[in-house]
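K.L.:
Sharing start_26.csv below, CSV, C-alpha atoms:
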chain,number,residue,atom,x,y,z
A,86,MET,CA,66.5,20.7,-5.7
A,87,VAL,CA,64.9,20.6,-2.2
A,88,LEU,CA,65.3,16.8,-2.2
A,89,VAL,CA,69.0,17.2,-3.1
A,90,ALA,CA,69.5,19.7,-0.2
A,91,VAL,CA,67.6,17.4,2.2
A,92,PHE,CA,69.8,14.5,1.1
A,93,GLY,CA,73.0,16.5,1.6
A,94,VAL,CA,71.9,17.6,5.1
A,95,ALA,CA,71.0,14.0,6.0
A,96,LEU,CA,74.3,12.7,4.6
A,97,LEU,CA,76.2,15.2,6.7
A,98,VAL,CA,74.4,14.4,9.9
A,99,ALA,CA,74.8,10.6,9.2
A,100,ALA,CA,78.6,11.1,8.6
A,101,LEU,CA,79.0,13.1,11.8
A,102,LEU,CA,77.1,10.5,13.9
A,103,SER,CA,78.5,7.4,12.1
A,104,GLY,CA,81.2,7.0,14.8
A,105,LEU,CA,78.6,6.9,17.5
A,106,ALA,CA,76.4,4.6,15.4
A,107,ALA,CA,79.3,2.1,15.0
A,108,ARG,CA,79.5,1.7,18.8
A,109,THR,CA,75.8,1.9,19.8
A,110,VAL,CA,72.3,0.9,18.7
A,111,LEU,CA,72.0,4.2,16.8
A,112,SER,CA,71.6,3.4,13.1
A,113,THR,CA,72.5,5.6,10.1
A,114,SER,CA,69.8,3.7,8.1
A,115,PHE,CA,67.2,4.7,10.7
A,116,LEU,CA,68.4,8.4,10.4
A,117,PHE,CA,67.7,8.5,6.7
A,118,LEU,CA,64.4,6.7,7.1
A,119,VAL,CA,63.2,9.1,9.8
A,120,GLY,CA,64.6,12.1,7.8
A,121,GLY,CA,62.6,11.1,4.7
A,122,ALA,CA,59.5,10.8,6.8
A,123,LEU,CA,60.0,14.2,8.5
A,124,VAL,CA,60.3,16.1,5.2
A,125,SER,CA,57.5,14.3,3.5
A,126,ASP,CA,53.9,15.4,3.1
A,127,GLY,CA,52.9,13.7,6.3
A,128,PHE,CA,55.0,16.2,8.4
A,129,LEU,CA,57.0,19.2,7.1
A,130,GLY,CA,55.8,18.9,3.5
A,131,LEU,CA,59.2,19.9,2.0
A,132,ILE,CA,59.2,17.1,-0.6
A,133,HIS,CA,56.3,15.4,-2.4
A,134,ILE,CA,56.8,11.8,-3.3
A,135,THR,CA,54.1,9.2,-4.0
A,136,PRO,CA,54.4,5.4,-4.3
A,137,ASP,CA,53.8,5.5,-8.1
A,138,SER,CA,56.7,8.0,-8.6
A,139,ASP,CA,59.4,6.8,-10.8
A,140,MET,CA,61.9,8.2,-8.3
A,141,VAL,CA,60.9,5.6,-5.7
A,142,SER,CA,61.3,2.5,-8.0
A,143,VAL,CA,64.5,3.8,-9.7
A,144,THR,CA,66.3,4.6,-6.4
A,145,ALA,CA,65.3,1.3,-4.8
A,146,ASP,CA,66.3,-0.6,-7.9
A,147,LEU,CA,69.7,1.1,-8.1
A,148,ALA,CA,70.4,0.6,-4.4
A,149,LEU,CA,69.6,-3.1,-4.5
A,150,PHE,CA,71.8,-3.6,-7.6
A,151,ALA,CA,74.7,-1.7,-6.1
A,152,VAL,CA,74.5,-3.5,-2.8
A,153,LEU,CA,74.3,-6.9,-4.4
A,154,LEU,CA,77.2,-6.2,-6.7
A,155,THR,CA,79.5,-5.3,-3.7
A,156,ASP,CA,78.1,-8.1,-1.5
A,157,GLY,CA,78.9,-10.6,-4.3
A,158,MET,CA,82.5,-9.6,-4.1
A,159,HIS,CA,82.7,-10.8,-0.5
A,160,VAL,CA,81.7,-14.3,-1.5
A,161,SER,CA,84.6,-16.7,-1.7
A,162,LEU,CA,83.8,-19.4,-4.3
A,163,PRO,CA,86.2,-22.0,-2.8
A,164,ALA,CA,84.7,-21.4,0.7
A,165,LEU,CA,81.2,-21.6,-0.8
A,166,ARG,CA,82.0,-24.9,-2.5
A,167,ALA,CA,83.2,-26.2,0.8
A,168,ASN,CA,80.3,-24.8,2.9
A,169,TRP,CA,77.3,-24.7,0.5
A,170,ARG,CA,74.9,-26.8,2.6
A,171,ASN,CA,73.9,-24.1,5.1
A,172,PRO,CA,73.0,-21.5,2.4
A,173,ALA,CA,71.3,-24.2,0.4
A,174,ARG,CA,69.1,-25.1,3.4
A,175,ALA,CA,68.2,-21.5,4.1
A,176,LEU,CA,67.2,-21.0,0.5
A,177,GLY,CA,65.6,-24.4,-0.2
A,178,MET,CA,63.8,-24.8,3.1
A,179,GLY,CA,63.9,-21.6,5.2
A,180,MET,CA,62.7,-19.3,2.4
A,181,PRO,CA,59.7,-21.4,1.3
A,182,LEU,CA,58.6,-21.9,5.0
A,183,ALA,CA,58.7,-18.1,5.6
A,184,PHE,CA,56.8,-17.6,2.3
A,185,VAL,CA,54.0,-20.0,3.4
A,186,PHE,CA,53.8,-18.9,7.0
A,187,MET,CA,53.6,-15.3,6.0
A,188,ALA,CA,50.8,-16.1,3.5
A,189,LEU,CA,48.8,-17.8,6.2
A,190,ALA,CA,49.3,-14.9,8.6
A,191,THR,CA,48.2,-12.4,6.0
A,192,HIS,CA,45.1,-14.3,5.0
A,193,PHE,CA,43.8,-15.0,8.5
A,194,LEU,CA,44.8,-11.8,10.2
A,195,VAL,CA,44.4,-9.2,7.5
A,196,GLY,CA,41.7,-10.9,5.4
A,197,LEU,CA,43.3,-10.7,2.0
A,198,ASP,CA,42.4,-13.4,-0.5
A,199,TRP,CA,44.6,-16.4,-0.8
A,200,THR,CA,46.4,-15.3,-4.0
A,201,THR,CA,47.2,-11.8,-2.7
A,202,SER,CA,48.2,-13.3,0.7
A,203,PHE,CA,50.8,-15.6,-1.0
A,204,LEU,CA,51.9,-12.6,-3.1
A,205,VAL,CA,52.6,-10.7,0.2
A,206,GLY,CA,54.5,-13.8,1.4
A,207,ALA,CA,56.6,-13.8,-1.7
A,208,VAL,CA,57.4,-10.1,-1.5
A,209,LEU,CA,58.5,-10.3,2.1
A,210,ALA,CA,60.5,-13.6,1.7
A,211,PRO,CA,63.8,-12.1,0.5
A,212,THR,CA,66.2,-10.8,3.1
A,213,ASP,CA,68.7,-7.9,2.8
A,214,PRO,CA,72.1,-7.7,4.4
A,215,VAL,CA,72.2,-3.9,4.1
A,216,PHE,CA,70.4,-3.5,7.4
A,217,ALA,CA,72.6,-5.9,9.2
A,218,SER,CA,75.9,-4.7,7.8
A,219,ALA,CA,77.8,-5.1,11.1
A,220,ILE,CA,77.0,-8.8,11.0
A,221,VAL,CA,78.1,-9.6,7.4
A,222,GLY,CA,81.0,-7.0,7.4
A,223,ARG,CA,82.8,-7.6,10.6
A,224,ALA,CA,85.8,-9.9,10.9
A,225,GLU,CA,85.0,-10.9,14.5
A,226,VAL,CA,81.7,-12.4,13.3
A,227,PRO,CA,82.3,-16.1,12.4
A,228,ALA,CA,83.0,-16.5,8.7
A,229,LYS,CA,80.5,-19.4,8.4
A,230,LEU,CA,77.7,-17.1,9.7
A,231,ARG,CA,78.7,-14.2,7.5
A,232,GLN,CA,78.7,-16.4,4.4
A,233,LEU,CA,75.3,-17.9,5.2
A,234,LEU,CA,73.6,-14.5,5.5
A,235,ASN,CA,75.5,-13.0,2.6
A,236,VAL,CA,74.8,-15.8,0.1
A,237,GLU,CA,71.2,-16.3,1.3
A,238,SER,CA,70.3,-12.6,0.9
A,239,GLY,CA,72.2,-12.3,-2.4
A,240,ILE,CA,70.4,-15.1,-4.1
A,241,ASN,CA,66.9,-15.0,-2.6
A,242,ASP,CA,66.0,-11.7,-4.3
A,243,GLY,CA,66.3,-13.4,-7.7
A,244,LEU,CA,64.5,-16.5,-6.5
A,245,ALA,CA,61.5,-14.5,-5.2
A,246,LEU,CA,61.0,-12.4,-8.3
A,247,PRO,CA,59.5,-15.1,-10.6
A,248,VAL,CA,57.1,-16.1,-7.8
A,249,VAL,CA,56.0,-12.5,-7.4
A,250,LEU,CA,55.4,-12.0,-11.1
A,251,VAL,CA,53.4,-15.2,-11.5
A,252,LEU,CA,51.2,-14.3,-8.4
A,253,ILE,CA,50.6,-10.8,-9.7
A,254,ALA,CA,49.4,-12.3,-13.0
A,255,ALA,CA,47.2,-14.7,-11.1
A,256,ALA,CA,45.8,-12.1,-8.7
A,257,GLY,CA,43.9,-10.1,-11.4
A,258,PRO,CA,43.3,-9.9,-15.1
A,259,ALA,CA,44.6,-6.3,-15.1
A,260,ALA,CA,48.1,-7.5,-14.2
A,261,ALA,CA,48.3,-10.4,-16.6
A,262,GLY,CA,50.6,-10.2,-19.5
A,263,PRO,CA,52.9,-12.2,-21.7
A,264,GLU,CA,55.9,-11.0,-19.7
A,265,THR,CA,54.7,-13.1,-16.8
A,266,SER,CA,54.9,-16.5,-18.5
A,267,LEU,CA,57.0,-19.1,-16.8
A,268,ALA,CA,59.2,-19.5,-19.8
A,269,THR,CA,59.9,-15.8,-20.0
A,270,ILE,CA,60.7,-15.5,-16.3
A,271,GLY,CA,63.0,-18.5,-16.5
A,272,LEU,CA,64.8,-16.9,-19.5
A,273,GLU,CA,65.2,-13.7,-17.5
A,274,LEU,CA,66.8,-15.5,-14.7
A,275,LEU,CA,69.2,-17.4,-16.9
A,276,LEU,CA,70.1,-14.2,-18.8
A,277,GLY,CA,70.8,-12.5,-15.5
A,278,LEU,CA,73.1,-15.3,-14.4
A,279,ALA,CA,74.8,-15.5,-17.8
A,280,PHE,CA,75.4,-11.7,-18.0
A,281,GLY,CA,76.7,-11.7,-14.4
A,282,VAL,CA,79.3,-14.4,-15.1
A,283,LEU,CA,80.3,-13.7,-18.7
A,284,LEU,CA,80.8,-10.0,-18.5
A,285,PRO,CA,83.5,-10.1,-15.8
A,286,LEU,CA,85.1,-13.0,-17.6
A,287,LEU,CA,85.2,-10.9,-20.8
A,288,VAL,CA,86.7,-7.9,-19.0
A,289,SER,CA,89.3,-10.2,-17.4
A,290,ARG,CA,90.3,-11.6,-20.8
A,291,LEU,CA,90.6,-8.1,-22.2
A,292,LEU,CA,93.1,-7.3,-19.5
A,293,GLY,CA,95.2,-10.2,-20.7
A,294,PHE,CA,96.1,-8.3,-23.9
A,295,ARG,CA,99.5,-6.8,-23.9
A,296,LEU,CA,98.4,-3.3,-25.0
A,297,LEU,CA,95.5,-3.1,-22.5
A,298,GLY,CA,95.5,-2.4,-18.8
A,299,ALA,CA,94.5,0.3,-16.4
A,300,GLU,CA,96.9,2.5,-14.5
A,301,PRO,CA,96.6,2.2,-10.7
A,302,LYS,CA,94.4,5.3,-10.1
A,303,LEU,CA,91.9,4.3,-12.8
A,304,GLN,CA,91.8,0.6,-11.9
A,305,PRO,CA,88.7,1.0,-9.6
A,306,LEU,CA,86.8,2.2,-12.6
A,307,LEU,CA,87.0,-1.2,-14.4
A,308,PRO,CA,84.6,-3.0,-12.0
A,309,LEU,CA,82.5,0.2,-11.9
A,310,ALA,CA,82.2,0.3,-15.7
A,311,THR,CA,81.4,-3.5,-15.7
A,312,GLY,CA,78.6,-2.8,-13.2
A,313,ILE,CA,77.2,0.1,-15.3
A,314,ILE,CA,77.2,-2.0,-18.5
A,315,LEU,CA,75.7,-4.9,-16.7
A,316,TYR,CA,72.9,-2.8,-15.2
A,317,ALA,CA,72.0,-1.3,-18.6
A,318,ALA,CA,72.2,-4.7,-20.4
A,319,CYS,CA,69.8,-6.3,-17.9
A,320,HIS,CA,67.2,-3.5,-18.3
A,321,LEU,CA,67.5,-3.5,-22.1
A,322,THR,CA,67.1,-7.2,-22.3
A,323,HIS,CA,64.8,-7.7,-19.3
A,324,ALA,CA,67.4,-10.0,-17.7
A,325,ASN,CA,67.1,-10.3,-13.9
A,326,PRO,CA,69.4,-7.5,-12.7
A,327,TYR,CA,69.7,-8.7,-9.1
A,328,LEU,CA,70.9,-12.2,-9.8
A,329,ALA,CA,73.2,-10.6,-12.4
A,330,ALA,CA,74.7,-8.2,-9.9
A,331,PHE,CA,75.4,-10.8,-7.2
A,332,SER,CA,76.9,-13.3,-9.6
A,333,ALA,CA,79.0,-10.5,-11.3
A,334,GLY,CA,80.4,-9.5,-7.9
A,335,ALA,CA,81.3,-13.1,-7.1
A,336,ALA,CA,82.8,-13.6,-10.6
A,337,LEU,CA,84.8,-10.4,-10.4
A,338,ALA,CA,86.3,-11.3,-7.1
A,339,HIS,CA,87.3,-14.8,-8.4
A,340,VAL,CA,88.8,-13.9,-11.8
A,341,SER,CA,90.4,-10.6,-10.8
A,342,PRO,CA,91.2,-10.3,-7.1
A,343,GLU,CA,93.3,-7.2,-7.6
A,344,ALA,CA,90.4,-5.4,-9.3
A,345,LYS,CA,88.2,-6.3,-6.4
A,346,THR,CA,90.7,-5.0,-3.9
A,347,SER,CA,91.1,-1.7,-5.7
A,348,PHE,CA,87.3,-1.2,-6.2
A,349,GLU,CA,86.3,-2.1,-2.7
A,350,PRO,CA,86.6,1.5,-1.1
A,351,LEU,CA,84.8,3.1,-4.1
A,352,GLY,CA,82.2,0.3,-4.4
A,353,GLU,CA,81.3,0.4,-0.7
A,354,ALA,CA,81.0,4.2,-0.8
A,355,LEU,CA,78.7,4.1,-3.9
A,356,ALA,CA,76.6,1.4,-2.4
A,357,GLU,CA,76.2,3.4,0.8
A,358,LEU,CA,75.2,6.5,-1.2
A,359,ALA,CA,72.6,4.5,-3.2
A,360,LYS,CA,71.3,2.9,0.0
A,361,PHE,CA,70.9,6.2,1.8
A,362,ALA,CA,69.2,7.8,-1.2
A,363,ALA,CA,66.7,5.0,-1.4
A,364,LEU,CA,66.1,5.1,2.3
A,365,LEU,CA,65.4,8.8,2.2
A,366,VAL,CA,62.9,8.4,-0.7
A,367,PHE,CA,61.3,5.3,0.9
A,368,GLY,CA,61.0,7.2,4.2
A,369,ALA,CA,59.0,9.9,2.5
A,370,LEU,CA,56.3,7.3,1.8
A,371,LEU,CA,56.0,6.6,5.5
A,372,THR,CA,53.2,9.0,6.4
A,373,PRO,CA,50.9,8.8,9.4
A,374,ARG,CA,48.1,8.0,7.0
A,375,LEU,CA,50.0,4.9,5.7
A,376,PHE,CA,50.4,3.6,9.3
A,377,GLY,CA,46.8,4.5,10.1
A,378,ASP,CA,45.5,2.5,7.1
A,379,LEU,CA,46.9,-0.8,8.5
A,380,SER,CA,44.5,-2.8,10.6
A,381,TRP,CA,45.4,-4.3,14.0
A,382,GLY,CA,45.5,-7.6,12.3
A,383,GLY,CA,48.0,-6.2,9.8
A,384,TYR,CA,50.2,-5.1,12.7
A,385,ALA,CA,50.0,-8.5,14.2
A,386,ALA,CA,51.0,-10.0,10.9
A,387,VAL,CA,54.0,-7.6,10.7
A,388,LEU,CA,55.2,-8.5,14.2
A,389,LEU,CA,54.8,-12.2,13.4
A,390,ALA,CA,56.9,-11.8,10.2
A,391,ILE,CA,59.8,-10.1,12.1
A,392,PHE,CA,59.8,-11.9,15.4
A,393,LEU,CA,58.5,-15.3,14.7
A,394,ILE,CA,58.1,-16.3,11.0
A,395,ARG,CA,61.6,-15.6,9.8
A,396,PRO,CA,63.4,-16.9,13.0
A,397,ALA,CA,61.3,-20.1,13.2
A,398,SER,CA,61.7,-20.8,9.4
A,399,LEU,CA,65.5,-20.5,9.4
A,400,LEU,CA,65.9,-22.4,12.7
A,401,LEU,CA,63.8,-25.3,11.2
A,402,SER,CA,65.9,-25.2,8.1
A,403,LEU,CA,69.2,-25.4,10.0
A,404,LEU,CA,68.2,-28.3,12.3
A,405,GLY,CA,70.9,-31.0,12.2
A,406,THR,CA,73.6,-28.7,10.8
A,407,ARG,CA,77.0,-28.3,12.5
A,408,ILE,CA,76.6,-24.5,12.9
A,409,SER,CA,76.6,-23.6,16.6
A,410,ARG,CA,73.5,-22.7,18.5
A,411,LYS,CA,74.5,-19.1,18.9
A,412,GLU,CA,75.2,-18.7,15.2
A,413,ARG,CA,71.9,-20.3,14.4
A,414,LEU,CA,70.0,-17.8,16.6
A,415,VAL,CA,71.8,-14.8,15.1
A,416,ALA,CA,71.2,-16.1,11.6
A,417,ALA,CA,67.5,-16.6,12.4
A,418,TRP,CA,67.1,-13.1,13.8
A,419,PHE,CA,68.8,-11.3,10.9
A,420,GLY,CA,66.3,-11.6,8.2
A,421,PRO,CA,65.7,-7.9,7.5
A,422,LYS,CA,63.2,-6.9,4.8
A,423,GLY,CA,64.9,-4.4,2.4
A,424,PHE,CA,65.2,-3.0,-1.0
A,425,ALA,CA,64.1,-6.2,-2.9
A,426,SER,CA,60.8,-6.1,-0.9
A,427,VAL,CA,60.5,-2.4,-1.7
A,428,VAL,CA,60.9,-3.0,-5.4
A,429,TYR,CA,58.5,-5.9,-5.5
A,430,GLY,CA,56.0,-4.1,-3.3
A,431,LEU,CA,56.0,-1.3,-5.8
A,432,LEU,CA,55.3,-3.8,-8.6
A,433,VAL,CA,52.3,-5.0,-6.6
A,434,LEU,CA,51.0,-1.5,-6.1
A,435,GLN,CA,51.4,-0.6,-9.7
A,436,SER,CA,49.9,-3.9,-11.0
A,437,GLY,CA,46.3,-2.9,-10.7
A,438,ILE,CA,45.2,-6.1,-8.8
A,439,PRO,CA,42.1,-5.7,-6.6
A,440,GLN,CA,43.8,-5.6,-3.2
A,441,ALA,CA,47.0,-3.9,-4.3
A,442,GLU,CA,46.8,-0.9,-1.9
A,443,GLU,CA,46.1,-3.1,1.1
A,444,ALA,CA,49.0,-5.4,0.3
A,445,PHE,CA,51.4,-2.5,-0.3
A,446,THR,CA,50.5,-0.9,3.1
A,447,LEU,CA,51.2,-4.2,4.9
A,448,ILE,CA,54.5,-4.6,3.0
A,449,ALA,CA,55.7,-1.0,3.5
A,450,VAL,CA,55.0,-1.1,7.3
A,451,CYS,CA,56.7,-4.4,7.6
A,452,ILE,CA,59.8,-3.1,5.8
A,453,ALA,CA,60.0,0.0,7.9
A,454,LEU,CA,59.7,-1.8,11.2
A,455,SER,CA,62.2,-4.4,10.1
A,456,ILE,CA,64.7,-1.8,9.1
A,457,ILE,CA,64.4,-0.2,12.6
A,458,ALA,CA,64.6,-3.5,14.4
A,459,HIS,CA,67.5,-5.1,12.5
A,460,SER,CA,69.7,-2.1,11.8
A,461,SER,CA,69.7,-1.1,15.5
A,462,THR,CA,70.7,-4.6,16.8
A,463,ASP,CA,73.5,-5.6,14.4
A,464,VAL,CA,76.3,-3.7,16.2
A,465,PRO,CA,75.6,-5.0,19.7
A,466,ILE,CA,75.3,-8.6,18.5
A,467,ALA,CA,78.5,-8.3,16.4
A,468,ARG,CA,80.3,-6.9,19.4
A,469,ALA,CA,79.1,-9.9,21.5
A,470,PHE,CA,81.0,-12.2,19.2
A,471,ASP,CA,84.1,-10.1,19.8
A,472,VAL,CA,83.7,-10.2,23.6
A,473,ASP,CA,83.1,-14.0,23.6
A,474,GLU,CA,86.2,-14.6,21.6
A,475,LEU,CA,88.4,-12.3,23.6
A,476,ALA,CA,87.2,-13.9,26.8
A,477,GLY,CA,87.8,-17.4,25.5
A,478,ILE,CA,84.2,-18.3,26.2
A,479,PRO,CA,83.4,-21.7,24.6
A,480,ASP,CA,80.1,-22.4,22.9
A,481,ARG,CA,78.2,-25.1,24.8
A,482,ASP,CA,77.0,-26.6,21.5
A,483,ASP,CA,80.5,-26.6,20.1
A,484,PRO,CA,82.8,-29.1,21.9
A,485,GLY,CA,85.6,-28.1,19.6
A,486,SER,CA,85.8,-24.5,20.8
A,487,ARG,CA,87.4,-25.2,24.2
A,488,THR,CA,90.4,-23.0,23.5
A,489,LEU,CA,90.7,-19.3,22.8
A,490,GLN,CA,89.7,-18.5,19.2
A,491,PRO,CA,91.5,-15.8,17.2
A,492,LEU,CA,89.5,-12.9,15.9
A,493,GLY,CA,87.7,-13.9,12.8
A,494,GLY,CA,87.6,-17.6,13.7
A,495,THR,CA,84.4,-19.4,13.1
A,496,GLY,CA,84.1,-20.8,16.6
A,497,ALA,CA,82.5,-23.9,15.0
A,498,PRO,CA,83.9,-27.2,13.9
Would you mind writing the file's structure down as structure tokens?
P.N.:
Amino acid sequence: MVLVAVFGVALLVAALLSGLAARTVLSTSFLFLVGGALVSDGFLGLIHITPDSDMVSVTADLALFAVLLTDGMHVSLPALRANWRNPARALGMGMPLAFVFMALATHFLVGLDWTTSFLVGAVLAPTDPVFASAIVGRAEVPAKLRQLLNVESGINDGLALPVVLVLIAAAGPAAAGPETSLATIGLELLLGLAFGVLLPLLVSRLLGFRLLGAEPKLQPLLPLATGIILYAACHLTHANPYLAAFSAGAALAHVSPEAKTSFEPLGEALAELAKFAALLVFGALLTPRLFGDLSWGGYAAVLLAIFLIRPASLLLSLLGTRISRKERLVAAWFGPKGFASVVYGLLVLQSGIPQAEEAFTLIAVCIALSIIAHSSTDVPIARAFDVDELAGIPDRDDPGSRTLQPLGGTGAP
């Protein structure tokens, strides 16, 4: 009950300061992260949470599922078909480059063996739009940029999971098992995609029957019920829940725009609650001992991951594209590590591989510093797009933007 009280207080403080946070570098995500750390064993000792606690994995799993479901609803399938090349480059080239570069940094700076180093690279490869919400959620930010970051972060969680499972199996005999075979992992991904597409289609067909239909005040519950059933089905069948959530959100928005519109306020609120709860619990793991256990080489690897590896990887993947220089730089910076990395890091810790604790310490510190860095810079950068458009400032790399662009315009050819 202490944890519930702490969450309520943190939620009240965050709500009271949310107006200020929307205009400044103050971040509500940061408040929950710090709040969790303050009440943990490392400081006040009001709550006692360990990395092997079920509460940690369950809250992170639920938060990631809820966020991906709502993010998927913001994906326009017609727009994606017309502009699929940039997300494909980010996923097909940028993500593997970040994976390899992080593995190299981990091996040479931290001293982990090659298999565990590549495992750390796979865990930290996914990005999370939760901690850059002002970028993917503001109309003044170019649609092409929002779509790139949203699609990349929605799909790369599912792409990283099979690599993480295979590397855990390869890192030590204690972690090996039949559930990590390539065929099984592929089946889980296909099941997740199938469930995510077919369940919304089934609900849409049911609404076509004359006797069925939801009254207006209950209509938001249809997508919610779909999400709950999907979450349970994925965990009962071991289907990939993250790929299922994102594809279900996109499918729901496509087959039932009215349901998506009615669900948006409720869905966004539920996703925020799940995110804040997960941040509070994860913050409780961030004790002084955790930060003290990481070597100087580990801190160097973390700083490289945030400030060099992700930006360089995405910039290389976007070479030759028509996206403007400013948008490329913003996309390169916003590669925050989030709930997918938390979930996968806990899988590493609980796997029993020889260097599991060292790997988890590096992963946890990287996630924490990434959340602070990215969630405190999204609002100022989003507002910079607004200022440029209102001032009619053309992008030097975009000869087509010589005239004043309306709010929400892409600013790119």
K.L.:
Find, counting all atoms listed in the file, the residue in A:Ala397, A:Leu370, A:Ile408, A:Ala324 that gets nearest to A:Ala228.
P.N.:
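With all atoms listed in the file as the atom set, the closest residue is A:Ile408.
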K.L.:
Excluding same-chain residues fewer than 3 positions from A:Ala330, what lies within 8 Å of it counting all atoms listed in the file, as a compact mmCIF listing (two decimals) with C-alpha atoms, in the frame of the given file?
P.N.:
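The new file out-v1.txt reads:
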# COMPACT_ATOMS: atom_id res chain seq x y z
CA PHE A 150 71.80 -3.60 -7.60
CA ALA A 151 74.70 -1.70 -6.10
CA LEU A 153 74.30 -6.90 -4.40
CA LEU A 154 77.20 -6.20 -6.70
CA GLY A 157 78.90 -10.60 -4.30
CA GLY A 281 76.70 -11.70 -14.40
CA GLY A 312 78.60 -2.80 -13.20
CA LEU A 315 75.70 -4.90 -16.70
CA TYR A 316 72.90 -2.80 -15.20
CA PRO A 326 69.40 -7.50 -12.70
CA TYR A 327 69.70 -8.70 -9.10
CA ALA A 333 79.00 -10.50 -11.30
CA GLY A 334 80.40 -9.50 -7.90
K.L.:
Which of these, A:Ala390, A:Leu292, A:Leu365, A:Ala190, has the shortest distance to A:Thr113 once you count all atoms listed in the file?
P.N.:
A:Leu365
K.L.:
Skipping near chain neighbours, those fewer than 5 positions away, what residues fall within 8 Å of stretch 415-428 of chain A using all atoms listed in the file, listed as an NGL selection string?
P.N.:
:A and (142 or 145-146 or 148-149 or 208-217 or 230 or 233-234 or 242 or 391-392 or 395-400 or 448-449 or 451-452 or 455-456 or 459 or 466)
K.L.:
I'd like the interatomic distance between atom CA of A:Ile270 and atom CA of A:Cys319, to a tenth of an Å.
P.N.:
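Here the two named atoms are 13.0 Å from each other.
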K.L.:
How many Å separate atom CA of A:Thr191 from atom CA of A:Leu364?
P.N.:
25.3 Å
K.L.:
Find the residue from A:Glu225, A:Arg468, A:Phe193, A:Leu284 that sits nearest to A:Ile313; use only C-alpha atoms when measuring.
P.N.:
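For A:Ile313, the nearest of the given residues is A:Leu284.
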K.L.:
Got a sec: who's within 8 Å of A:Thr311, counting all atoms listed in the file, leaving out chain neighbours fewer than 3 positions off, as a PyMOL selection string?
P.N.:
chain A and resi 284-285+288+307-308+314-315
K.L.:
For C-alpha atoms, I'd like the residues from the last selection saved as an mmCIF file, in the coordinates of the input.
P.N.:
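For reference, result-v4.cif as written:
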data_model
loop_
_atom_site.group_PDB
_atom_site.id
_atom_site.type_symbol
_atom_site.label_atom_id
_atom_site.label_comp_id
_atom_site.auth_asym_id
_atom_site.auth_seq_id
_atom_site.Cartn_x
_atom_site.Cartn_y
_atom_site.Cartn_z
ATOM 1 C CA LEU A 284 80.800 -10.000 -18.500
ATOM 2 C CA PRO A 285 83.500 -10.100 -15.800
ATOM 3 C CA VAL A 288 86.700 -7.900 -19.000
ATOM 4 C CA LEU A 307 87.000 -1.200 -14.400
ATOM 5 C CA PRO A 308 84.600 -3.000 -12.000
ATOM 6 C CA ILE A 314 77.200 -2.000 -18.500
ATOM 7 C CA LEU A 315 75.700 -4.900 -16.700
#
K.L.:
Because the input lacks atoms here, generate N, CA, C and O atoms for stretch 313-321 of chain A and report them as a PDB file, in the frame of the given file.
P.N.:
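part31.pdb written:
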ATOM      1  N   ILE A 313      78.061  -0.822 -14.522  1.00  0.00           N
ATOM      2  CA  ILE A 313      77.200   0.100 -15.300  1.00  0.00           C
ATOM      3  C   ILE A 313      76.679  -0.620 -16.556  1.00  0.00           C
ATOM      4  O   ILE A 313      75.481  -0.581 -16.892  1.00  0.00           O
ATOM      5  N   ILE A 314      77.598  -1.255 -17.270  1.00  0.00           N
ATOM      6  CA  ILE A 314      77.200  -2.000 -18.500  1.00  0.00           C
ATOM      7  C   ILE A 314      76.248  -3.099 -18.174  1.00  0.00           C
ATOM      8  O   ILE A 314      75.251  -3.318 -18.891  1.00  0.00           O
ATOM      9  N   LEU A 315      76.516  -3.802 -17.095  1.00  0.00           N
ATOM     10  CA  LEU A 315      75.700  -4.900 -16.700  1.00  0.00           C
ATOM     11  C   LEU A 315      74.253  -4.422 -16.350  1.00  0.00           C
ATOM     12  O   LEU A 315      73.251  -5.025 -16.759  1.00  0.00           O
ATOM     13  N   TYR A 316      74.164  -3.335 -15.614  1.00  0.00           N
ATOM     14  CA  TYR A 316      72.900  -2.800 -15.200  1.00  0.00           C
ATOM     15  C   TYR A 316      72.060  -2.395 -16.477  1.00  0.00           C
ATOM     16  O   TYR A 316      70.860  -2.711 -16.590  1.00  0.00           O
ATOM     17  N   ALA A 317      72.727  -1.710 -17.417  1.00  0.00           N
ATOM     18  CA  ALA A 317      72.000  -1.300 -18.600  1.00  0.00           C
ATOM     19  C   ALA A 317      71.631  -2.506 -19.473  1.00  0.00           C
ATOM     20  O   ALA A 317      70.503  -2.568 -20.009  1.00  0.00           O
ATOM     21  N   ALA A 318      72.533  -3.497 -19.591  1.00  0.00           N
ATOM     22  CA  ALA A 318      72.200  -4.700 -20.400  1.00  0.00           C
ATOM     23  C   ALA A 318      71.031  -5.437 -19.833  1.00  0.00           C
ATOM     24  O   ALA A 318      70.169  -5.924 -20.589  1.00  0.00           O
ATOM     25  N   CYS A 319      70.958  -5.539 -18.525  1.00  0.00           N
ATOM     26  CA  CYS A 319      69.800  -6.300 -17.900  1.00  0.00           C
ATOM     27  C   CYS A 319      68.515  -5.557 -18.163  1.00  0.00           C
ATOM     28  O   CYS A 319      67.508  -6.206 -18.475  1.00  0.00           O
ATOM     29  N   HIS A 320      68.504  -4.240 -18.063  1.00  0.00           N
ATOM     30  CA  HIS A 320      67.200  -3.500 -18.300  1.00  0.00           C
ATOM     31  C   HIS A 320      66.867  -3.452 -19.743  1.00  0.00           C
ATOM     32  O   HIS A 320      65.670  -3.386 -20.069  1.00  0.00           O
ATOM     33  N   LEU A 321      67.836  -3.475 -20.627  1.00  0.00           N
ATOM     34  CA  LEU A 321      67.500  -3.500 -22.100  1.00  0.00           C
ATOM     35  C   LEU A 321      66.994  -4.829 -22.527  1.00  0.00           C
ATOM     36  O   LEU A 321      66.177  -4.902 -23.457  1.00  0.00           O
TER      37      LEU A 321
END
